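final_37.txt, holding compact mmCIF, N, CA and C atoms:
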# COMPACT_ATOMS: atom_id res chain seq x y z
N MET A 1146 15.53 -6.31 -3.40
CA MET A 1146 15.09 -6.17 -2.03
C MET A 1146 14.46 -7.49 -1.62
N ALA A 1147 14.84 -8.00 -0.47
CA ALA A 1147 14.32 -9.27 0.01
C ALA A 1147 12.84 -9.16 0.34
N LEU A 1148 12.14 -10.26 0.18
CA LEU A 1148 10.70 -10.29 0.45
C LEU A 1148 10.41 -9.90 1.89
N SER A 1149 11.22 -10.40 2.83
CA SER A 1149 10.98 -10.07 4.24
C SER A 1149 11.15 -8.58 4.49
N THR A 1150 12.08 -7.94 3.80
CA THR A 1150 12.27 -6.50 3.95
C THR A 1150 11.07 -5.74 3.40
N CYS A 1151 10.53 -6.19 2.27
CA CYS A 1151 9.34 -5.55 1.69
C CYS A 1151 8.15 -5.67 2.63
N ILE A 1152 7.96 -6.87 3.18
CA ILE A 1152 6.82 -7.08 4.07
C ILE A 1152 6.98 -6.24 5.33
N LEU A 1153 8.19 -6.21 5.90
CA LEU A 1153 8.44 -5.39 7.09
C LEU A 1153 8.20 -3.92 6.79
N SER A 1154 8.65 -3.46 5.63
CA SER A 1154 8.42 -2.06 5.24
C SER A 1154 6.94 -1.76 5.12
N LEU A 1155 6.19 -2.68 4.52
CA LEU A 1155 4.75 -2.49 4.37
C LEU A 1155 4.06 -2.42 5.73
N ILE A 1156 4.45 -3.29 6.65
CA ILE A 1156 3.87 -3.26 7.99
C ILE A 1156 4.17 -1.93 8.66
N CYS A 1157 5.38 -1.43 8.52
CA CYS A 1157 5.74 -0.13 9.10
C CYS A 1157 4.93 1.00 8.49
N ILE A 1158 4.72 0.96 7.18
CA ILE A 1158 3.92 1.99 6.50
C ILE A 1158 2.50 1.99 7.04
N ILE A 1159 1.90 0.80 7.15
CA ILE A 1159 0.52 0.71 7.64
C ILE A 1159 0.42 1.15 9.09
N GLN A 1160 1.38 0.75 9.94
CA GLN A 1160 1.35 1.16 11.34
C GLN A 1160 1.51 2.67 11.46
N THR A 1161 2.41 3.25 10.69
CA THR A 1161 2.63 4.69 10.72
C THR A 1161 1.38 5.43 10.24
N ALA A 1162 0.78 4.95 9.16
CA ALA A 1162 -0.44 5.59 8.65
C ALA A 1162 -1.55 5.53 9.69
N HIS A 1163 -1.65 4.44 10.40
CA HIS A 1163 -2.68 4.31 11.43
C HIS A 1163 -2.40 5.28 12.57
N THR A 1164 -1.16 5.37 13.01
CA THR A 1164 -0.78 6.25 14.11
C THR A 1164 -1.00 7.71 13.76
N LEU A 1165 -0.67 8.09 12.55
CA LEU A 1165 -0.77 9.49 12.13
C LEU A 1165 -2.14 9.86 11.58
N GLY A 1166 -3.06 8.90 11.53
CA GLY A 1166 -4.38 9.19 10.96
C GLY A 1166 -4.32 9.28 9.46
N GLY A 1167 -3.50 8.46 8.83
CA GLY A 1167 -3.32 8.49 7.39
C GLY A 1167 -4.39 7.72 6.66
N PHE A 1168 -3.99 6.96 5.66
CA PHE A 1168 -4.96 6.31 4.78
C PHE A 1168 -5.84 5.29 5.50
N ILE A 1169 -5.42 4.79 6.63
CA ILE A 1169 -6.22 3.81 7.36
C ILE A 1169 -7.59 4.39 7.74
N ASP A 1170 -7.64 5.69 7.98
CA ASP A 1170 -8.90 6.34 8.37
C ASP A 1170 -9.90 6.47 7.22
N THR A 1171 -9.41 6.51 5.99
CA THR A 1171 -10.29 6.77 4.85
C THR A 1171 -10.30 5.66 3.81
N CYS A 1172 -9.59 4.57 4.08
CA CYS A 1172 -9.54 3.46 3.14
C CYS A 1172 -10.00 2.17 3.80
N ALA A 1173 -10.59 1.30 2.99
CA ALA A 1173 -11.06 0.00 3.46
C ALA A 1173 -10.65 -1.06 2.44
N GLU A 1174 -10.89 -2.30 2.79
CA GLU A 1174 -10.56 -3.41 1.90
C GLU A 1174 -9.11 -3.34 1.44
N ILE A 1175 -8.20 -3.02 2.35
CA ILE A 1175 -6.78 -2.94 2.03
C ILE A 1175 -6.25 -4.36 1.91
N ARG A 1176 -5.63 -4.65 0.77
CA ARG A 1176 -5.19 -6.02 0.52
C ARG A 1176 -4.05 -6.04 -0.50
N PHE A 1177 -3.38 -7.18 -0.55
CA PHE A 1177 -2.40 -7.41 -1.59
C PHE A 1177 -3.14 -7.90 -2.83
N TRP A 1178 -2.58 -7.64 -4.00
CA TRP A 1178 -3.20 -8.08 -5.24
C TRP A 1178 -2.13 -8.44 -6.25
N ASP A 1179 -2.34 -9.55 -6.90
CA ASP A 1179 -1.43 -10.00 -7.95
C ASP A 1179 -2.24 -10.20 -9.23
N PRO A 1180 -2.04 -9.36 -10.24
CA PRO A 1180 -2.83 -9.48 -11.47
C PRO A 1180 -2.55 -10.77 -12.23
N ASP A 1181 -1.44 -11.44 -11.93
CA ASP A 1181 -1.11 -12.69 -12.61
C ASP A 1181 -1.74 -13.90 -11.94
N SER A 1182 -2.37 -13.71 -10.80
CA SER A 1182 -3.02 -14.81 -10.09
C SER A 1182 -4.51 -14.80 -10.40
N ILE A 1183 -5.03 -15.91 -10.85
CA ILE A 1183 -6.45 -16.00 -11.22
C ILE A 1183 -7.33 -15.68 -10.02
N TRP A 1184 -7.01 -16.21 -8.86
CA TRP A 1184 -7.85 -16.02 -7.67
C TRP A 1184 -7.27 -14.99 -6.71
N GLY A 1185 -6.13 -14.39 -7.04
CA GLY A 1185 -5.53 -13.38 -6.17
C GLY A 1185 -4.98 -13.95 -4.88
N ASN A 1186 -4.55 -15.22 -4.88
CA ASN A 1186 -4.07 -15.84 -3.64
C ASN A 1186 -2.57 -15.68 -3.41
N LYS A 1187 -1.82 -15.15 -4.31
CA LYS A 1187 -0.37 -15.12 -4.17
C LYS A 1187 0.07 -13.92 -3.33
N TYR A 1188 -0.36 -13.88 -2.09
CA TYR A 1188 -0.12 -12.72 -1.24
C TYR A 1188 1.36 -12.45 -1.00
N LYS A 1189 2.17 -13.49 -0.84
CA LYS A 1189 3.58 -13.28 -0.53
C LYS A 1189 4.36 -12.71 -1.70
N THR A 1190 3.84 -12.85 -2.89
CA THR A 1190 4.54 -12.33 -4.06
C THR A 1190 3.76 -11.23 -4.76
N SER A 1191 2.72 -10.73 -4.12
CA SER A 1191 1.87 -9.72 -4.75
C SER A 1191 2.64 -8.43 -4.98
N PRO A 1192 2.59 -7.91 -6.19
CA PRO A 1192 3.32 -6.68 -6.49
C PRO A 1192 2.54 -5.39 -6.19
N TYR A 1193 1.30 -5.50 -5.69
CA TYR A 1193 0.50 -4.30 -5.43
C TYR A 1193 -0.21 -4.36 -4.09
N LEU A 1194 -0.37 -3.20 -3.49
CA LEU A 1194 -1.26 -3.02 -2.35
C LEU A 1194 -2.46 -2.27 -2.92
N VAL A 1195 -3.66 -2.80 -2.73
CA VAL A 1195 -4.87 -2.22 -3.30
C VAL A 1195 -5.83 -1.87 -2.17
N ALA A 1196 -6.56 -0.77 -2.33
CA ALA A 1196 -7.53 -0.36 -1.31
C ALA A 1196 -8.68 0.41 -1.96
N ARG A 1197 -9.81 0.42 -1.27
CA ARG A 1197 -10.94 1.26 -1.66
C ARG A 1197 -10.89 2.47 -0.74
N CYS A 1198 -10.64 3.64 -1.30
CA CYS A 1198 -10.45 4.86 -0.50
C CYS A 1198 -11.51 5.90 -0.84
N THR A 1199 -11.90 6.67 0.16
CA THR A 1199 -12.91 7.71 0.00
C THR A 1199 -12.22 9.05 -0.21
N SER A 1200 -12.64 9.78 -1.23
CA SER A 1200 -12.08 11.10 -1.51
C SER A 1200 -12.73 12.13 -0.60
N SER A 1201 -12.22 13.35 -0.63
CA SER A 1201 -12.76 14.42 0.22
C SER A 1201 -14.21 14.77 -0.13
N ASP A 1202 -14.64 14.47 -1.37
CA ASP A 1202 -16.03 14.73 -1.75
C ASP A 1202 -16.95 13.53 -1.50
N GLY A 1203 -16.42 12.47 -0.86
CA GLY A 1203 -17.24 11.33 -0.46
C GLY A 1203 -17.33 10.20 -1.46
N ASP A 1204 -16.68 10.33 -2.62
CA ASP A 1204 -16.71 9.26 -3.62
C ASP A 1204 -15.66 8.20 -3.28
N ASP A 1205 -15.97 6.94 -3.59
CA ASP A 1205 -15.03 5.84 -3.37
C ASP A 1205 -14.24 5.56 -4.64
N TYR A 1206 -12.96 5.28 -4.47
CA TYR A 1206 -12.08 4.96 -5.59
C TYR A 1206 -11.25 3.74 -5.24
N CYS A 1207 -11.00 2.91 -6.25
CA CYS A 1207 -10.05 1.81 -6.10
C CYS A 1207 -8.68 2.42 -6.40
N THR A 1208 -7.77 2.28 -5.48
CA THR A 1208 -6.44 2.85 -5.66
C THR A 1208 -5.40 1.78 -5.37
N TRP A 1209 -4.21 1.95 -5.89
CA TRP A 1209 -3.18 0.94 -5.72
C TRP A 1209 -1.80 1.56 -5.57
N LEU A 1210 -0.93 0.80 -4.95
CA LEU A 1210 0.45 1.22 -4.72
C LEU A 1210 1.35 0.08 -5.15
N PRO A 1211 2.23 0.29 -6.13
CA PRO A 1211 3.12 -0.79 -6.55
C PRO A 1211 4.18 -1.06 -5.48
N LEU A 1212 4.32 -2.31 -5.09
CA LEU A 1212 5.29 -2.68 -4.07
C LEU A 1212 6.64 -3.05 -4.67
N THR A 1213 6.79 -2.83 -5.96
CA THR A 1213 8.04 -3.13 -6.64
C THR A 1213 8.96 -1.92 -6.68
N MET A 1214 8.55 -0.84 -6.02
CA MET A 1214 9.33 0.39 -6.00
C MET A 1214 9.80 0.68 -4.58
N CYS A 1215 10.78 1.53 -4.45
CA CYS A 1215 11.23 2.00 -3.15
C CYS A 1215 10.53 3.32 -2.85
N TYR A 1216 10.23 3.55 -1.59
CA TYR A 1216 9.56 4.77 -1.17
C TYR A 1216 10.33 5.43 -0.05
N SER A 1217 10.24 6.74 0.01
CA SER A 1217 10.85 7.52 1.08
C SER A 1217 9.81 8.45 1.68
N ASN A 1218 9.99 8.77 2.94
CA ASN A 1218 9.13 9.73 3.62
C ASN A 1218 9.76 11.10 3.42
N ILE A 1219 9.16 11.92 2.59
CA ILE A 1219 9.65 13.27 2.32
C ILE A 1219 8.62 14.25 2.88
N ASP A 1220 8.95 14.87 3.99
CA ASP A 1220 8.05 15.82 4.65
C ASP A 1220 6.65 15.24 4.87
N GLY A 1221 6.60 13.99 5.33
CA GLY A 1221 5.33 13.37 5.65
C GLY A 1221 4.59 12.76 4.48
N GLN A 1222 5.19 12.76 3.30
CA GLN A 1222 4.56 12.18 2.11
C GLN A 1222 5.39 10.99 1.63
N LEU A 1223 4.73 9.88 1.30
CA LEU A 1223 5.44 8.76 0.69
C LEU A 1223 5.69 9.11 -0.77
N VAL A 1224 6.95 9.07 -1.16
CA VAL A 1224 7.35 9.45 -2.51
C VAL A 1224 8.16 8.30 -3.11
N ALA A 1225 7.84 7.91 -4.34
CA ALA A 1225 8.61 6.88 -5.02
C ALA A 1225 10.02 7.40 -5.27
N ARG A 1226 10.99 6.58 -4.95
CA ARG A 1226 12.40 6.97 -5.09
C ARG A 1226 13.17 5.86 -5.78
N SER A 1227 14.26 6.21 -6.41
CA SER A 1227 15.14 5.16 -6.92
C SER A 1227 15.92 4.62 -5.73
N GLN A 1228 16.45 3.44 -5.87
CA GLN A 1228 17.15 2.80 -4.75
C GLN A 1228 18.29 3.65 -4.31

Take the structure in the file and write it out as structure tokens.
Amino acid sequence: MALSTCILSLICIIQTAHTLGGFIDTCAEIRFWDPDSIWGNKYKTSPYLVARCTSSDGDDYCTWLPLTMCYSNIDGQLVARSQ
């Protein structure tokens, strides 16, 4: 999958989540992360989206989504799928 396609898909996911009141409402510090980068500056090649999200009981968790996988919207849920 081309990098531009991945970035466009990520932008669409974030815009959709914001419109539907998804993770944007309960997560902060949403960013790209590359574990192979000492300073985490390799945003264009980052294989993960990382965020600090609040659970229903009010606790904060660091959570991540691998961007090296394909995802589908199945009944309103993002589900990892094979290509």

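Here atom N of Asp1204 of chain A stands at a distance of 24.0 Å from atom CA of Val1224 of chain A.
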
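Going from atom CA of Glu1174 of chain A over to atom CA of Val1195 of chain A, you cover 7.8 Å.
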
Subject >> Option closest in space to Thr1199 of chain A, from A:Arg1226, A:Ala1173, A:Ser1217, A:Ser1182 [counting all atoms listed in the file] >> reply: A:Ala1173

For Leu1194 of chain A, please output as a compact mmCIF listing (two decimals) with N, CA and C atoms, in the coordinates of the input all residues within 7 Å (counting only N, CA and C atoms; exclusion window: fewer than 3 positions along the same chain).
# COMPACT_ATOMS: atom_id res chain seq x y z
N ILE A 1175 -8.20 -3.02 2.35
CA ILE A 1175 -6.78 -2.94 2.03
C ILE A 1175 -6.25 -4.36 1.91
N ARG A 1176 -5.63 -4.65 0.77
CA ARG A 1176 -5.19 -6.02 0.52
C ARG A 1176 -4.05 -6.04 -0.50
N PHE A 1177 -3.38 -7.18 -0.55
CA PHE A 1177 -2.40 -7.41 -1.59
C PHE A 1177 -3.14 -7.90 -2.83
N TRP A 1178 -2.58 -7.64 -4.00
CA TRP A 1178 -3.20 -8.08 -5.24
C TRP A 1178 -2.13 -8.44 -6.25
N SER A 1191 2.72 -10.73 -4.12
CA SER A 1191 1.87 -9.72 -4.75
C SER A 1191 2.64 -8.43 -4.98
N THR A 1208 -7.77 2.28 -5.48
CA THR A 1208 -6.44 2.85 -5.66
C THR A 1208 -5.40 1.78 -5.37
N TRP A 1209 -4.21 1.95 -5.89
CA TRP A 1209 -3.18 0.94 -5.72
C TRP A 1209 -1.80 1.56 -5.57
N LEU A 1210 -0.93 0.80 -4.95
CA LEU A 1210 0.45 1.22 -4.72
C LEU A 1210 1.35 0.08 -5.15
N PRO A 1211 2.23 0.29 -6.13
CA PRO A 1211 3.12 -0.79 -6.55
C PRO A 1211 4.18 -1.06 -5.48
N LEU A 1212 4.32 -2.31 -5.09
CA LEU A 1212 5.29 -2.68 -4.07
C LEU A 1212 6.64 -3.05 -4.67

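Atom N of Cys1172 of chain A to atom N of Ala1196 of chain A spans 8.9 Å [interatomic distance, one decimal].
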